[in-house]
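Trainee: Contents of final.pdb (PDB, C-alpha atoms, pLDDT in the B column):
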```
MODEL        1
ATOM      1  CA  MET A   1      18.459 -34.498   2.909  1.00 67.00           C
ATOM      2  CA  GLU A   2      18.215 -35.101   6.669  1.00 65.00           C
ATOM      3  CA  ASN A   3      21.808 -33.949   7.120  1.00 69.00           C
ATOM      4  CA  PHE A   4      21.103 -30.805   5.119  1.00 67.00           C
ATOM      5  CA  LEU A   5      17.970 -30.005   7.127  1.00 64.00           C
ATOM      6  CA  LYS A   6      19.917 -30.502  10.329  1.00 68.00           C
ATOM      7  CA  LEU A   7      22.686 -28.264   9.004  1.00 69.00           C
ATOM      8  CA  ILE A   8      20.367 -25.353   8.203  1.00 72.00           C
ATOM      9  CA  SER A   9      18.440 -25.755  11.447  1.00 75.00           C
ATOM     10  CA  GLU A  10      21.563 -25.034  13.486  1.00 79.00           C
ATOM     11  CA  LEU A  11      23.248 -21.642  13.652  1.00 81.00           C
ATOM     12  CA  ASN A  12      26.292 -21.832  11.375  1.00 85.00           C
ATOM     13  CA  ILE A  13      27.702 -20.146   8.283  1.00 88.00           C
ATOM     14  CA  VAL A  14      25.634 -22.335   5.938  1.00 87.00           C
ATOM     15  CA  SER A  15      22.334 -21.777   7.733  1.00 89.00           C
ATOM     16  CA  THR A  16      23.090 -18.053   8.008  1.00 90.00           C
ATOM     17  CA  ALA A  17      23.627 -17.796   4.250  1.00 92.00           C
ATOM     18  CA  VAL A  18      20.477 -19.850   3.547  1.00 90.00           C
ATOM     19  CA  ARG A  19      18.347 -17.726   5.866  1.00 92.00           C
ATOM     20  CA  LEU A  20      19.558 -14.395   4.499  1.00 94.00           C
ATOM     21  CA  LEU A  21      19.076 -15.586   0.912  1.00 94.00           C
ATOM     22  CA  LEU A  22      15.598 -16.876   1.710  1.00 94.00           C
ATOM     23  CA  ALA A  23      14.772 -13.553   3.371  1.00 94.00           C
ATOM     24  CA  LEU A  24      15.832 -11.798   0.166  1.00 94.00           C
ATOM     25  CA  ILE A  25      13.626 -14.034  -1.986  1.00 94.00           C
ATOM     26  CA  LEU A  26      10.556 -13.894   0.255  1.00 93.00           C
ATOM     27  CA  GLY A  27      10.863 -10.158   0.902  1.00 90.00           C
ATOM     28  CA  GLY A  28      11.202  -9.530  -2.824  1.00 90.00           C
ATOM     29  CA  ALA A  29       8.154 -11.683  -3.563  1.00 89.00           C
ATOM     30  CA  ILE A  30       6.048  -9.642  -1.141  1.00 87.00           C
ATOM     31  CA  GLY A  31       7.327  -6.270  -2.324  1.00 86.00           C
ATOM     32  CA  PHE A  32       7.210  -6.949  -6.073  1.00 84.00           C
ATOM     33  CA  GLU A  33       3.610  -5.811  -6.521  1.00 76.00           C
ATOM     34  CA  ARG A  34       4.196  -2.664  -4.461  1.00 76.00           C
ATOM     35  CA  GLY A  35       7.254  -1.824  -6.555  1.00 74.00           C
ATOM     36  CA  TRP A  36       5.356  -2.541  -9.776  1.00 73.00           C
ATOM     37  CA  ARG A  37       2.750   0.002  -8.721  1.00 68.00           C
ATOM     38  CA  GLY A  38       5.406   2.593  -7.960  1.00 66.00           C
ATOM     39  CA  ARG A  39       4.806   2.762  -4.219  1.00 66.00           C
ATOM     40  CA  ALA A  40       7.343   4.537  -2.028  1.00 62.00           C
ATOM     41  CA  ALA A  41       8.102   1.293  -0.180  1.00 68.00           C
ATOM     42  CA  GLY A  42       8.434  -1.167  -3.029  1.00 75.00           C
ATOM     43  CA  PHE A  43      10.555  -4.105  -4.164  1.00 83.00           C
ATOM     44  CA  ARG A  44      13.919  -3.135  -2.660  1.00 84.00           C
ATOM     45  CA  THR A  45      12.433  -1.727   0.545  1.00 84.00           C
ATOM     46  CA  HIS A  46      10.601  -4.970   1.330  1.00 88.00           C
ATOM     47  CA  ILE A  47      13.784  -6.953   0.647  1.00 91.00           C
ATOM     48  CA  LEU A  48      15.783  -4.728   2.992  1.00 88.00           C
ATOM     49  CA  VAL A  49      13.135  -4.986   5.709  1.00 91.00           C
ATOM     50  CA  CYS A  50      13.014  -8.776   5.474  1.00 92.00           C
ATOM     51  CA  ILE A  51      16.809  -9.169   5.453  1.00 93.00           C
ATOM     52  CA  GLY A  52      17.153  -6.673   8.309  1.00 91.00           C
ATOM     53  CA  ALA A  53      14.587  -8.495  10.438  1.00 93.00           C
ATOM     54  CA  CYS A  54      16.272 -11.814   9.677  1.00 93.00           C
ATOM     55  CA  LEU A  55      19.699 -10.413  10.550  1.00 92.00           C
ATOM     56  CA  ALA A  56      18.422  -8.925  13.822  1.00 91.00           C
ATOM     57  CA  THR A  57      16.977 -12.309  14.775  1.00 92.00           C
ATOM     58  CA  LEU A  58      20.204 -14.079  13.860  1.00 92.00           C
ATOM     59  CA  ALA A  59      22.107 -11.603  16.034  1.00 91.00           C
ATOM     60  CA  GLY A  60      19.890 -12.495  18.998  1.00 91.00           C
ATOM     61  CA  LEU A  61      20.481 -16.211  18.420  1.00 90.00           C
ATOM     62  CA  TYR A  62      24.227 -15.672  18.021  1.00 90.00           C
ATOM     63  CA  VAL A  63      24.462 -13.870  21.353  1.00 88.00           C
ATOM     64  CA  THR A  64      22.840 -16.757  23.224  1.00 87.00           C
ATOM     65  CA  GLU A  65      23.859 -19.866  21.258  1.00 84.00           C
ATOM     66  CA  ILE A  66      27.402 -18.955  20.208  1.00 84.00           C
ATOM     67  CA  LEU A  67      28.558 -16.360  22.729  1.00 84.00           C
ATOM     68  CA  GLY A  68      26.685 -18.078  25.552  1.00 84.00           C
ATOM     69  CA  TYR A  69      25.152 -14.991  27.142  1.00 82.00           C
ATOM     70  CA  ASP A  70      22.215 -15.663  29.442  1.00 83.00           C
ATOM     71  CA  THR A  71      19.657 -13.415  27.790  1.00 83.00           C
ATOM     72  CA  ASP A  72      16.443 -13.616  25.788  1.00 87.00           C
ATOM     73  CA  PRO A  73      17.337 -14.238  22.105  1.00 85.00           C
ATOM     74  CA  THR A  74      14.051 -12.723  20.967  1.00 83.00           C
ATOM     75  CA  ARG A  75      14.643  -9.299  22.515  1.00 85.00           C
ATOM     76  CA  ILE A  76      16.217  -7.866  19.377  1.00 84.00           C
ATOM     77  CA  SER A  77      13.548  -9.260  17.030  1.00 84.00           C
ATOM     78  CA  ALA A  78      10.842  -7.946  19.373  1.00 84.00           C
ATOM     79  CA  GLN A  79      12.217  -4.449  18.830  1.00 85.00           C
ATOM     80  CA  VAL A  80      12.009  -5.004  15.079  1.00 86.00           C
ATOM     81  CA  ILE A  81       8.246  -5.552  15.284  1.00 81.00           C
ATOM     82  CA  SER A  82       7.714  -2.313  17.198  1.00 80.00           C
ATOM     83  CA  GLY A  83      10.355  -0.304  15.361  1.00 81.00           C
ATOM     84  CA  ILE A  84       9.153  -1.155  11.857  1.00 81.00           C
ATOM     85  CA  GLY A  85       6.092   0.976  12.570  1.00 73.00           C
ATOM     86  CA  PHE A  86       8.168   4.117  12.094  1.00 71.00           C
ATOM     87  CA  LEU A  87       9.058   3.029   8.565  1.00 71.00           C
ATOM     88  CA  GLY A  88       5.450   2.108   7.856  1.00 68.00           C
ATOM     89  CA  VAL A  89       4.204   5.526   8.962  1.00 66.00           C
ATOM     90  CA  GLY A  90       6.352   7.095   6.254  1.00 65.00           C
ATOM     91  CA  THR A  91       4.334   5.289   3.580  1.00 65.00           C
ATOM     92  CA  ILE A  92       0.939   6.524   4.836  1.00 60.00           C
ATOM     93  CA  LEU A  93      -0.366   9.704   3.238  1.00 55.00           C
ATOM     94  CA  ILE A  94      -3.448  11.791   3.915  1.00 50.00           C
ATOM     95  CA  THR A  95      -4.674  13.419   0.713  1.00 52.00           C
ATOM     96  CA  GLY A  96      -6.258  16.815   0.371  1.00 49.00           C
ATOM     97  CA  ASN A  97      -9.727  15.345   0.789  1.00 46.00           C
ATOM     98  CA  MET A  98      -8.689  13.599   4.023  1.00 46.00           C
ATOM     99  CA  GLN A  99      -8.453  10.186   2.378  1.00 51.00           C
ATOM    100  CA  VAL A 100      -5.836   7.835   3.835  1.00 52.00           C
ATOM    101  CA  LYS A 101      -3.530   6.025   1.409  1.00 61.00           C
ATOM    102  CA  GLY A 102      -0.577   3.715   1.960  1.00 70.00           C
ATOM    103  CA  LEU A 103      -2.052   1.460   4.633  1.00 71.00           C
ATOM    104  CA  THR A 104      -1.570  -1.660   2.513  1.00 75.00           C
ATOM    105  CA  THR A 105       2.110  -0.871   1.997  1.00 77.00           C
ATOM    106  CA  ALA A 106       2.616  -0.141   5.699  1.00 81.00           C
ATOM    107  CA  ALA A 107       0.904  -3.380   6.708  1.00 83.00           C
ATOM    108  CA  GLY A 108       2.954  -5.237   4.113  1.00 83.00           C
ATOM    109  CA  LEU A 109       6.198  -3.892   5.579  1.00 85.00           C
ATOM    110  CA  TRP A 110       5.179  -4.984   9.069  1.00 87.00           C
ATOM    111  CA  SER A 111       4.260  -8.454   7.821  1.00 90.00           C
ATOM    112  CA  THR A 112       7.501  -8.678   5.830  1.00 91.00           C
ATOM    113  CA  ALA A 113       9.455  -7.975   9.009  1.00 91.00           C
ATOM    114  CA  ALA A 114       7.606 -10.845  10.703  1.00 92.00           C
ATOM    115  CA  VAL A 115       8.506 -13.121   7.776  1.00 94.00           C
ATOM    116  CA  GLY A 116      12.143 -12.119   8.186  1.00 92.00           C
ATOM    117  CA  ILE A 117      12.022 -13.018  11.882  1.00 93.00           C
ATOM    118  CA  CYS A 118      10.590 -16.447  11.058  1.00 92.00           C
ATOM    119  CA  VAL A 119      13.387 -17.016   8.564  1.00 92.00           C
ATOM    120  CA  GLY A 120      15.928 -15.819  11.112  1.00 92.00           C
ATOM    121  CA  VAL A 121      14.903 -18.393  13.718  1.00 90.00           C
ATOM    122  CA  GLY A 122      14.732 -21.126  11.075  1.00 89.00           C
ATOM    123  CA  PHE A 123      10.943 -21.443  11.014  1.00 90.00           C
ATOM    124  CA  TYR A 124      11.022 -21.914   7.229  1.00 89.00           C
ATOM    125  CA  PRO A 125       7.571 -23.474   6.672  1.00 89.00           C
ATOM    126  CA  ALA A 126       5.817 -20.579   8.410  1.00 92.00           C
ATOM    127  CA  ALA A 127       7.883 -17.999   6.508  1.00 92.00           C
ATOM    128  CA  ILE A 128       7.182 -19.555   3.105  1.00 93.00           C
ATOM    129  CA  LEU A 129       3.485 -20.166   3.809  1.00 94.00           C
ATOM    130  CA  ALA A 130       3.063 -16.624   5.147  1.00 92.00           C
ATOM    131  CA  THR A 131       4.736 -15.215   2.034  1.00 93.00           C
ATOM    132  CA  LEU A 132       2.369 -17.145  -0.228  1.00 92.00           C
ATOM    133  CA  LEU A 133      -0.607 -15.839   1.748  1.00 90.00           C
ATOM    134  CA  LEU A 134       0.703 -12.255   1.711  1.00 89.00           C
ATOM    135  CA  VAL A 135       1.284 -12.347  -2.044  1.00 87.00           C
ATOM    136  CA  PHE A 136      -2.220 -13.755  -2.487  1.00 86.00           C
ATOM    137  CA  VAL A 137      -3.719 -10.951  -0.393  1.00 82.00           C
ATOM    138  CA  ILE A 138      -1.690  -8.139  -1.957  1.00 79.00           C
ATOM    139  CA  VAL A 139      -1.828  -9.246  -5.607  1.00 76.00           C
ATOM    140  CA  LEU A 140      -4.860 -11.448  -6.191  1.00 75.00           C
ATOM    141  CA  LEU A 141      -7.255  -9.870  -3.712  1.00 68.00           C
ATOM    142  CA  HIS A 142      -6.307  -6.475  -5.131  1.00 64.00           C
ATOM    143  CA  LYS A 143      -7.648  -7.649  -8.497  1.00 65.00           C
ATOM    144  CA  LEU A 144     -10.838  -8.902  -6.873  1.00 64.00           C
ATOM    145  CA  ASP A 145     -11.137  -5.574  -5.089  1.00 57.00           C
ATOM    146  CA  ASN A 146     -10.995  -3.799  -8.441  1.00 55.00           C
ATOM    147  CA  VAL A 147     -13.676  -6.115  -9.852  1.00 57.00           C
ATOM    148  CA  PHE A 148     -16.092  -5.600  -6.966  1.00 53.00           C
ATOM    149  CA  PHE A 149     -15.525  -1.872  -6.510  1.00 51.00           C
ATOM    150  CA  ALA A 150     -14.719  -0.710 -10.045  1.00 51.00           C
ATOM    151  CA  HIS A 151     -18.144   0.948 -10.155  1.00 50.00           C
ATOM    152  CA  SER A 152     -18.281   2.096  -6.572  1.00 50.00           C
ATOM    153  CA  ALA A 153     -20.526   4.983  -5.630  1.00 56.00           C
ATOM    154  CA  ASP A 154     -17.626   7.305  -4.715  1.00 69.00           C
ATOM    155  CA  LEU A 155     -16.067   9.509  -7.376  1.00 75.00           C
ATOM    156  CA  GLU A 156     -13.168  11.915  -6.974  1.00 82.00           C
ATOM    157  CA  VAL A 157     -12.924  14.541  -9.703  1.00 87.00           C
ATOM    158  CA  TYR A 158     -10.996  17.664 -10.533  1.00 90.00           C
ATOM    159  CA  LEU A 159     -12.736  20.251 -12.679  1.00 91.00           C
ATOM    160  CA  GLU A 160     -12.175  23.812 -13.716  1.00 93.00           C
ATOM    161  CA  ILE A 161     -14.989  26.342 -13.841  1.00 93.00           C
ATOM    162  CA  ILE A 162     -14.830  29.474 -15.964  1.00 92.00           C
ATOM    163  CA  GLY A 163     -15.695  32.417 -13.745  1.00 89.00           C
ATOM    164  CA  ALA A 164     -15.848  32.380  -9.942  1.00 86.00           C
ATOM    165  CA  GLU A 165     -19.433  33.629 -10.146  1.00 87.00           C
ATOM    166  CA  ASN A 166     -20.432  30.331 -11.769  1.00 90.00           C
ATOM    167  CA  ILE A 167     -19.281  28.079  -8.911  1.00 89.00           C
ATOM    168  CA  ASN A 168     -22.632  27.927  -7.125  1.00 90.00           C
ATOM    169  CA  LYS A 169     -24.453  27.396 -10.417  1.00 89.00           C
ATOM    170  CA  THR A 170     -22.124  24.538 -11.356  1.00 90.00           C
ATOM    171  CA  VAL A 171     -22.483  22.925  -7.931  1.00 89.00           C
ATOM    172  CA  GLY A 172     -26.247  23.069  -8.322  1.00 89.00           C
ATOM    173  CA  ASN A 173     -26.020  21.423 -11.747  1.00 88.00           C
ATOM    174  CA  ILE A 174     -23.849  18.634 -10.350  1.00 86.00           C
ATOM    175  CA  LYS A 175     -26.344  17.988  -7.542  1.00 84.00           C
ATOM    176  CA  ALA A 176     -29.138  17.965 -10.120  1.00 84.00           C
ATOM    177  CA  LEU A 177     -27.374  15.057 -11.863  1.00 80.00           C
ATOM    178  CA  GLY A 178     -27.951  12.984  -8.712  1.00 76.00           C
ATOM    179  CA  TYR A 179     -24.610  13.463  -6.979  1.00 77.00           C
ATOM    180  CA  ARG A 180     -24.032  14.447  -3.378  1.00 79.00           C
ATOM    181  CA  ILE A 181     -20.873  16.441  -2.737  1.00 82.00           C
ATOM    182  CA  SER A 182     -19.148  15.146   0.421  1.00 75.00           C
ATOM    183  CA  GLU A 183     -15.878  17.074   0.021  1.00 79.00           C
ATOM    184  CA  MET A 184     -14.996  20.162  -1.997  1.00 84.00           C
ATOM    185  CA  ASP A 185     -11.801  22.217  -2.214  1.00 86.00           C
ATOM    186  CA  ILE A 186     -11.572  25.417  -4.287  1.00 87.00           C
ATOM    187  CA  HIS A 187      -8.209  26.826  -5.385  1.00 86.00           C
ATOM    188  CA  ALA A 188      -6.411  28.387  -8.327  1.00 86.00           C
ATOM    189  CA  ALA A 189      -6.762  26.536 -11.620  1.00 88.00           C
ATOM    190  CA  LYS A 190      -3.910  24.094 -12.235  1.00 86.00           C
ATOM    191  CA  SER A 191      -4.096  24.675 -15.979  1.00 85.00           C
ATOM    192  CA  GLY A 192      -3.387  28.389 -15.626  1.00 83.00           C
ATOM    193  CA  THR A 193      -6.401  29.252 -17.774  1.00 84.00           C
ATOM    194  CA  PRO A 194      -7.400  32.909 -17.258  1.00 85.00           C
ATOM    195  CA  ASN A 195     -10.554  33.419 -15.144  1.00 88.00           C
ATOM    196  CA  ALA A 196     -10.699  29.670 -14.343  1.00 90.00           C
ATOM    197  CA  ILE A 197     -11.217  28.235 -10.854  1.00 90.00           C
ATOM    198  CA  GLY A 198      -9.962  24.775  -9.867  1.00 91.00           C
ATOM    199  CA  VAL A 199     -12.319  22.586  -7.861  1.00 90.00           C
ATOM    200  CA  GLU A 200     -11.599  19.177  -6.293  1.00 89.00           C
ATOM    201  CA  MET A 201     -14.647  17.158  -5.298  1.00 85.00           C
ATOM    202  CA  THR A 202     -15.563  13.845  -3.756  1.00 83.00           C
ATOM    203  CA  LEU A 203     -18.981  12.844  -5.028  1.00 81.00           C
ATOM    204  CA  LYS A 204     -21.437  10.325  -3.652  1.00 73.00           C
ATOM    205  CA  THR A 205     -23.817   8.757  -6.146  1.00 65.00           C
ATOM    206  CA  VAL A 206     -26.912   6.618  -5.773  1.00 54.00           C
ATOM    207  CA  GLY A 207     -26.385   3.118  -7.145  1.00 53.00           C
ATOM    208  CA  LYS A 208     -23.501   1.719  -9.184  1.00 51.00           C
ATOM    209  CA  LYS A 209     -22.712   3.794 -12.247  1.00 56.00           C
ATOM    210  CA  ASN A 210     -19.917   3.930 -14.799  1.00 61.00           C
ATOM    211  CA  LYS A 211     -17.360   6.458 -13.579  1.00 66.00           C
ATOM    212  CA  GLU A 212     -16.343   7.536 -17.091  1.00 70.00           C
ATOM    213  CA  MET A 213     -19.971   8.379 -17.840  1.00 77.00           C
ATOM    214  CA  LEU A 214     -20.195  10.430 -14.649  1.00 78.00           C
ATOM    215  CA  VAL A 215     -17.126  12.454 -15.600  1.00 82.00           C
ATOM    216  CA  SER A 216     -18.546  13.009 -19.087  1.00 85.00           C
ATOM    217  CA  ASN A 217     -21.803  14.337 -17.571  1.00 85.00           C
ATOM    218  CA  ILE A 218     -19.853  16.811 -15.455  1.00 87.00           C
ATOM    219  CA  GLN A 219     -17.735  17.796 -18.459  1.00 86.00           C
ATOM    220  CA  ALA A 220     -20.932  18.630 -20.354  1.00 88.00           C
ATOM    221  CA  ILE A 221     -22.085  21.134 -17.722  1.00 90.00           C
ATOM    222  CA  GLU A 222     -22.035  24.749 -18.893  1.00 85.00           C
ATOM    223  CA  CYS A 223     -19.104  26.781 -17.524  1.00 88.00           C
ATOM    224  CA  VAL A 224     -17.010  23.622 -16.876  1.00 91.00           C
ATOM    225  CA  SER A 225     -13.929  23.820 -19.099  1.00 89.00           C
ATOM    226  CA  PHE A 226     -12.865  20.245 -18.325  1.00 84.00           C
ATOM    227  CA  ALA A 227     -13.226  17.498 -15.728  1.00 88.00           C
ATOM    228  CA  ILE A 228     -11.057  14.490 -14.927  1.00 87.00           C
ATOM    229  CA  GLN A 229     -11.225  11.635 -12.441  1.00 82.00           C
ATOM    230  CA  ARG A 230      -8.614  11.805  -9.701  1.00 75.00           C
ATOM    231  CA  ASP A 231      -6.728   8.759  -8.427  1.00 60.00           C
TER     232      ASP A 231
ENDMDL
END
```
Taking this structure as input, can you express it in the form of structure tokens?
Mentor:
Amino acid sequence: MENFLKLISELNIVSTAVRLLLALILGGAIGFERGWRGRAAGFRTHILVCIGACLATLAGLYVTEILGYDTDPTRISAQVISGIGFLGVGTILITGNMQVKGLTTAAGLWSTAAVGICVGVGFYPAAILATLLLVFVIVLLHKLDNVFFAHSADLEVYLEIIGAENINKTVGNIKALGYRISEMDIHAAKSGTPNAIGVEMTLKTVGKKNKEMLVSNIQAIECVSFAIQRD
């Protein structure tokens, strides 16, 4: 065991293979949940980021330890940390109601790159422990987040109103139900129903209420053809 640990702690073909394989496993573990949820940067992307960061770190070590150049071996991996931000930005979206989405995926990519660097330099305990913590945060804390905020006071809905002249009346009815409209966007109806107007709203409610019940109350308003909760 001691000989094996010494072998993988030095820069050689065996340790290189072990580090790249470990980067694949750890990167996949972090990205699995993102891929399961259909995010743009999912399972394969996290694996590629982790392997790429590991390979960049190995390249820096190879230049100094094998080729003997007098340079900083961490220069390449340092560029990975700053450069990965460009990939993360591509996963962040701003929706029509100015809500930011994709921050978790972007942060996960950045953290995955750091895990790959740890694997690349042979800091295996930190890489494995960090992966366990990241999976815990991304997977388990996401479930807790759903439990605590499943009945949050914010509700995003899309509804269609029959007749443009009924928009103000419908808005008044929604406010009368105890909602405060923080965002509203009016456009052509997505259903294509004649004389229908599409409305996207972000509603603020007082207290914790069942979201399905809120949508049903809006659906019951006169002149509203249908209403659905938006993701």
Trainee: Excluding A:Gly83 and its own-chain neighbours fewer than 2 positions away, which residues fall within 12 Å of it when counting only C-alpha atoms? Please give them as a VMD selection string.
Mentor: chain A and resid 49 52 to 53 56 76 to 81 85 to 89 109 to 110 113 to 114
Trainee: With the file shown as input, list the residues that the PyMOL selection byres ((chain A and resi 202) around 8) selects, as a JSON list (two decimals) with C-alpha atoms, keeping the file's coordinate frame.
Mentor:
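After the write, part_17.json holds the following:
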```json
[["chain", "number", "residue", "atom", "x", "y", "z"],
["A", 97, "ASN", "CA", -9.73, 15.34, 0.79],
["A", 154, "ASP", "CA", -17.63, 7.30, -4.72],
["A", 155, "LEU", "CA", -16.07, 9.51, -7.38],
["A", 156, "GLU", "CA", -13.17, 11.92, -6.97],
["A", 157, "VAL", "CA", -12.92, 14.54, -9.70],
["A", 181, "ILE", "CA", -20.87, 16.44, -2.74],
["A", 182, "SER", "CA", -19.15, 15.15, 0.42],
["A", 183, "GLU", "CA", -15.88, 17.07, 0.02],
["A", 184, "MET", "CA", -15.00, 20.16, -2.00],
["A", 200, "GLU", "CA", -11.60, 19.18, -6.29],
["A", 201, "MET", "CA", -14.65, 17.16, -5.30],
["A", 203, "LEU", "CA", -18.98, 12.84, -5.03],
["A", 204, "LYS", "CA", -21.44, 10.32, -3.65]]
```
Trainee: Extending 6 Å beyond the listed atoms of stretch 157-167 of chain A on each side, what axis-aligned box results? I want centre and edge lengths in Å to one decimal, as JSON.
Mentor:
```
{"center_x": -15.7, "center_y": 24.1, "center_z": -12.4, "size_x": 21.4, "size_y": 31.1, "size_z": 19.1}
```
Trainee: Report as a PDB file with C-alpha atoms, in the frame of the given file all protein, DNA and RNA residues lying within 7 Å of A:Ile47, evaluated on all atoms listed in the file, omitting residues in the same chain fewer than 2 positions from it.
Mentor:
```pdb
ATOM      1  CA  LEU A  24      15.832 -11.798   0.166  1.00 94.00           C
ATOM      2  CA  GLY A  27      10.863 -10.158   0.902  1.00 90.00           C
ATOM      3  CA  GLY A  28      11.202  -9.530  -2.824  1.00 90.00           C
ATOM      4  CA  PHE A  43      10.555  -4.105  -4.164  1.00 83.00           C
ATOM      5  CA  ARG A  44      13.919  -3.135  -2.660  1.00 84.00           C
ATOM      6  CA  THR A  45      12.433  -1.727   0.545  1.00 84.00           C
ATOM      7  CA  VAL A  49      13.135  -4.986   5.709  1.00 91.00           C
ATOM      8  CA  CYS A  50      13.014  -8.776   5.474  1.00 92.00           C
ATOM      9  CA  ILE A  51      16.809  -9.169   5.453  1.00 93.00           C
TER      10      ILE A  51
END
```
Trainee: Work out how far apart atom CA of A:Ser191 and atom CA of A:Val224 are and give it in Å to one decimal.
Mentor: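 That distance, rounded to one decimal, is 13.0 Å.
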Trainee: If the PyMOL selection byres ((chain A and resi 216) around 12) were run on this exact file, what residues would it hold? Put them as a ChimeraX atom specification.
Mentor: /A:157,159,174,177,210-215,217-221,224-229
Trainee: Keeping only C-alpha atoms, take the residues you just selected and write them out as a CSV table (one decimal), keeping the file's coordinate frame.
Mentor:
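The new file out.csv reads:
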```csv
chain,number,residue,atom,x,y,z
A,157,VAL,CA,-12.9,14.5,-9.7
A,159,LEU,CA,-12.7,20.3,-12.7
A,174,ILE,CA,-23.8,18.6,-10.4
A,177,LEU,CA,-27.4,15.1,-11.9
A,210,ASN,CA,-19.9,3.9,-14.8
A,211,LYS,CA,-17.4,6.5,-13.6
A,212,GLU,CA,-16.3,7.5,-17.1
A,213,MET,CA,-20.0,8.4,-17.8
A,214,LEU,CA,-20.2,10.4,-14.6
A,215,VAL,CA,-17.1,12.5,-15.6
A,217,ASN,CA,-21.8,14.3,-17.6
A,218,ILE,CA,-19.9,16.8,-15.5
A,219,GLN,CA,-17.7,17.8,-18.5
A,220,ALA,CA,-20.9,18.6,-20.4
A,221,ILE,CA,-22.1,21.1,-17.7
A,224,VAL,CA,-17.0,23.6,-16.9
A,225,SER,CA,-13.9,23.8,-19.1
A,226,PHE,CA,-12.9,20.2,-18.3
A,227,ALA,CA,-13.2,17.5,-15.7
A,228,ILE,CA,-11.1,14.5,-14.9
A,229,GLN,CA,-11.2,11.6,-12.4
```
Trainee: For A:Leu134, which residue among A:Arg34, A:Arg180, A:Arg19, A:Lys175 is the nearest when counting only C-alpha atoms?
Mentor: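 Among A:Arg34, A:Arg180, A:Arg19, A:Lys175, it is A:Arg34 that comes nearest to A:Leu134.
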Trainee: Fewer than 6 positions away in the same chain doesn't count, so skip those; otherwise give me all residues within 9 Å of A:Val121, counting only C-alpha atoms, as a PyMOL selection string.
Mentor: chain A and resi 9+11+19+54+57-58+61
Trainee: Missing atoms in stretch 131-142 of chain A: can you complete it with N, CA, C and O atoms, as a PDB file, in the coordinates of the input?
Mentor:
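Just written: result.pdb:
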```pdb
ATOM      1  N   THR A 131       4.437 -15.974   3.254  1.00 93.00           N
ATOM      2  CA  THR A 131       4.736 -15.215   2.034  1.00 93.00           C
ATOM      3  C   THR A 131       3.718 -15.504   0.950  1.00 93.00           C
ATOM      4  O   THR A 131       3.238 -14.593   0.262  1.00 93.00           O
ATOM      5  N   LEU A 132       3.377 -16.774   0.770  1.00 92.00           N
ATOM      6  CA  LEU A 132       2.369 -17.145  -0.228  1.00 92.00           C
ATOM      7  C   LEU A 132       1.031 -16.468   0.079  1.00 92.00           C
ATOM      8  O   LEU A 132       0.347 -15.968  -0.825  1.00 92.00           O
ATOM      9  N   LEU A 133       0.656 -16.466   1.355  1.00 90.00           N
ATOM     10  CA  LEU A 133      -0.607 -15.839   1.748  1.00 90.00           C
ATOM     11  C   LEU A 133      -0.554 -14.328   1.540  1.00 90.00           C
ATOM     12  O   LEU A 133      -1.532 -13.720   1.079  1.00 90.00           O
ATOM     13  N   LEU A 134       0.572 -13.707   1.876  1.00 89.00           N
ATOM     14  CA  LEU A 134       0.703 -12.255   1.711  1.00 89.00           C
ATOM     15  C   LEU A 134       0.649 -11.854   0.247  1.00 89.00           C
ATOM     16  O   LEU A 134       0.008 -10.862  -0.117  1.00 89.00           O
ATOM     17  N   VAL A 135       1.328 -12.632  -0.599  1.00 87.00           N
ATOM     18  CA  VAL A 135       1.284 -12.347  -2.044  1.00 87.00           C
ATOM     19  C   VAL A 135      -0.138 -12.508  -2.561  1.00 87.00           C
ATOM     20  O   VAL A 135      -0.614 -11.713  -3.385  1.00 87.00           O
ATOM     21  N   PHE A 136      -0.823 -13.542  -2.080  1.00 86.00           N
ATOM     22  CA  PHE A 136      -2.220 -13.755  -2.487  1.00 86.00           C
ATOM     23  C   PHE A 136      -3.085 -12.561  -2.100  1.00 86.00           C
ATOM     24  O   PHE A 136      -3.882 -12.064  -2.898  1.00 86.00           O
ATOM     25  N   VAL A 137      -2.918 -12.081  -0.874  1.00 82.00           N
ATOM     26  CA  VAL A 137      -3.719 -10.951  -0.393  1.00 82.00           C
ATOM     27  C   VAL A 137      -3.395  -9.679  -1.162  1.00 82.00           C
ATOM     28  O   VAL A 137      -4.295  -8.949  -1.604  1.00 82.00           O
ATOM     29  N   ILE A 138      -2.102  -9.398  -1.341  1.00 79.00           N
ATOM     30  CA  ILE A 138      -1.690  -8.139  -1.957  1.00 79.00           C
ATOM     31  C   ILE A 138      -1.973  -8.107  -3.452  1.00 79.00           C
ATOM     32  O   ILE A 138      -2.440  -7.102  -3.984  1.00 79.00           O
ATOM     33  N   VAL A 139      -1.702  -9.224  -4.145  1.00 76.00           N
ATOM     34  CA  VAL A 139      -1.828  -9.246  -5.607  1.00 76.00           C
ATOM     35  C   VAL A 139      -3.213  -9.689  -6.058  1.00 76.00           C
ATOM     36  O   VAL A 139      -3.934  -8.948  -6.737  1.00 76.00           O
ATOM     37  N   LEU A 140      -3.614 -10.891  -5.666  1.00 75.00           N
ATOM     38  CA  LEU A 140      -4.860 -11.448  -6.191  1.00 75.00           C
ATOM     39  C   LEU A 140      -6.091 -10.769  -5.606  1.00 75.00           C
ATOM     40  O   LEU A 140      -7.042 -10.462  -6.336  1.00 75.00           O
ATOM     41  N   LEU A 141      -6.091 -10.525  -4.303  1.00 68.00           N
ATOM     42  CA  LEU A 141      -7.255  -9.870  -3.712  1.00 68.00           C
ATOM     43  C   LEU A 141      -7.376  -8.429  -4.175  1.00 68.00           C
ATOM     44  O   LEU A 141      -8.473  -7.869  -4.186  1.00 68.00           O
ATOM     45  N   HIS A 142      -6.238  -7.827  -4.567  1.00 64.00           N
ATOM     46  CA  HIS A 142      -6.307  -6.475  -5.131  1.00 64.00           C
ATOM     47  C   HIS A 142      -7.104  -6.489  -6.435  1.00 64.00           C
ATOM     48  O   HIS A 142      -7.898  -5.586  -6.701  1.00 64.00           O
TER      49      HIS A 142
END
```
